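Comments concern the structure below.
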Amino acid sequence: MSSVLFAQKHTFYAPLTQESMRENPDIAFKQIRRTLHNALANGNDYEVAVCYGQMGELYYFQAAYLQALDNFYRAESLFRKQSQIPELAAIWIKIGETNFHNKQYPSSLKAFEQGLALYTSADTREGIADALAHIGQVHEKNGNLEEANRYQHLALAQLGEQSNSALAAKIYENIGSVYEDKLQLDSARLYFSKALEISKRTDDKTLHIEITNNMGDIYRKTGAYNTALDYTRQAASLAKQMNEHYQLSSAYRDLAKIFSLVEQHDSAYHYSEAGRNIHADMFSEDNAKQLTVLQTLFELEQKEDAITQYERERGVHFTMLLFGAAIVLLLLFLGLSIISRQRLKILNERKLHEQSQKLYETQKIAMETDLHNKQLKAENLRNELELKSKELTSHTLHLIQKNQLLEELKDKLDAIVKSDKRDQRKELKQVMNLLQLNHNQDKNWEDFRVVFERVHEHFFDGLKAHCSKLSSADLRLAALLKMNLSSADISTLLGISQDSLRIARYRLRKKLALPEGKSLGVFIQQL
């Protein structure tokens, strides 16, 4: 636990200490909760994050690792939002330690690496060394001794060889532990000696006891039993003074091993039983204490939540009472206002009804007049359309008659030209050519188009929307098809043969891109 205790020395600058959390967890819990509520009320996110971190430490010391992690992650989220890099890194180290003591080594390694990255970005040398030392401990637990040794030396390099901090002592002890696992006992003794020398100059007495006990263990393994007894007895004496049951139990077990090796079996049995009894008592006491503390913390949290809920409900009830009183006053005011205005409203409604009745009669007359005018206008439009349709039909029939007359005259002149009267042939031929020219140009087309567009508005625009490259001849043919004239009348009006008319219809279909089976006449009528 000494590494865990040290890791907290640079976590938060808060009034609560680890000793107060261990010795009086219930008092510490109350203080943290009070500070947390005040911080939440004041919107101080930094203090809220610190309180969550200390709450996590409190649960951590009681081995309630799930509750500890929950609070640590809450603190981590707040510190990350505030970009508090050193505090965020320290929280990740605490998350890693919690997983480490819960034997979740992969998760703890990731957390330590996250803390290392944050400390590196903040250029905090002691934090970097702490993170590297923790990563080395994980590799040692996983049996990767070379990696463990490398990380511990990297941590030591961050602090420097002359560092006198407790962290340096812990790193030297970790290196000695790695060499002990590798059975390189001389190297292990060297690093344990350095760790012990530094620990004597620090306030971390628990670390001092642990390293002293390790020194005795190393001398025992190398056969220097007397020296081993000196160190182990010293560790036991210090543990008794500080009431460190765990370290005392460990020292008694090591004493039992030493006396067994020197064949002093009575002493070996005595210390073995003493160590076992301390360990059993400590286990029972810790379990009972842990259960009591956790139960107390749970009850305190329930009480705090109940008080908070009661205060919240009382505030809600007071608000509802004020709201109800306001509603009653508002209803009274509205009632008086309604009663005072009811008579006036009745009088106004009578006047409004009379005015509405008059307005209704006026609107009714206006609507009837407007409807009559619309009917007259529609009748006039129908009459005008019928008149224009008759005019168009008459104009078309006139054109047909004219063209028929011209056709007959053309045939007669053609017969004269073919006769034997040589002296009239030239003049008659000129007259025939003139008639043919007048027939092809069709001077009356513009008059016909004007009348047609009056009857069939926007027909040519709709036709050109399908094909913008229609010629005047195509437009004439389409207009005559729109009038639903026969092929004979159309060929007469256009002055072309039936075969030429079929060709003209075919070309118009191609320009309009009509599909196969689609009737040209039906398409024209639908426009």
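By convention here, the chains of the structure tokens are called A, B, ... in the order presented, each chain's residues are numbered starting at 1, and ligands are numbered starting at 1 in the order presented.
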How would you write, as an MDAnalysis selection string, the set of residues in segment 171-265 of chain A that DSSP gives as alpha helix (DSSP H)? chainID A and resid 171:181 185:199 205:221 225:242 245:261 265
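Across the model, the gap from atom CA of Lys221 of chain A to atom CA of Met242 of chain A is 26.9 Å.
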Show which residues sit within 9 Å of Ala236 of chain A, as an NGL selection string. Count only C-alpha atoms, and ignore same-chain residues fewer than 6 positions away. :A and (209 or 213 or 247-252)
Write the residues you've just listed into a file as a compact mmCIF listing (two decimals), in the first residue's frame, and include N, CA, C and O atoms for each of them.
# COMPACT_ATOMS: atom_id res chain seq x y z
N ILE A 209 9.51 0.82 6.91
CA ILE A 209 9.33 -0.54 7.45
C ILE A 209 9.38 -1.57 6.34
O ILE A 209 10.03 -2.62 6.46
N ASN A 213 12.16 -4.56 5.96
CA ASN A 213 11.75 -5.97 5.92
C ASN A 213 12.29 -6.66 4.68
O ASN A 213 12.73 -7.81 4.72
N GLN A 247 2.51 -4.87 8.28
CA GLN A 247 3.96 -4.97 8.24
C GLN A 247 4.49 -5.85 9.38
O GLN A 247 5.45 -6.60 9.20
N LEU A 248 3.83 -5.79 10.56
CA LEU A 248 4.24 -6.62 11.68
C LEU A 248 4.02 -8.10 11.37
O LEU A 248 4.87 -8.95 11.66
N SER A 249 2.88 -8.42 10.78
CA SER A 249 2.61 -9.81 10.40
C SER A 249 3.63 -10.31 9.40
O SER A 249 4.13 -11.44 9.50
N SER A 250 4.00 -9.46 8.42
CA SER A 250 5.00 -9.84 7.42
C SER A 250 6.37 -10.06 8.08
O SER A 250 7.08 -11.02 7.75
N ALA A 251 6.74 -9.19 9.04
CA ALA A 251 8.03 -9.35 9.74
C ALA A 251 8.06 -10.64 10.55
O ALA A 251 9.07 -11.35 10.58
N TYR A 252 6.94 -10.96 11.23
CA TYR A 252 6.88 -12.21 12.02
C TYR A 252 7.01 -13.43 11.12
O TYR A 252 7.69 -14.41 11.49
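The gap separating atom CA of His208 of chain A from atom CA of Ala195 of chain A is 8.5 Å, in Å to one decimal.
From atom CA of Phe112 of chain A back to atom CA of Thr202 of chain A, the distance works out to 25.0 Å.
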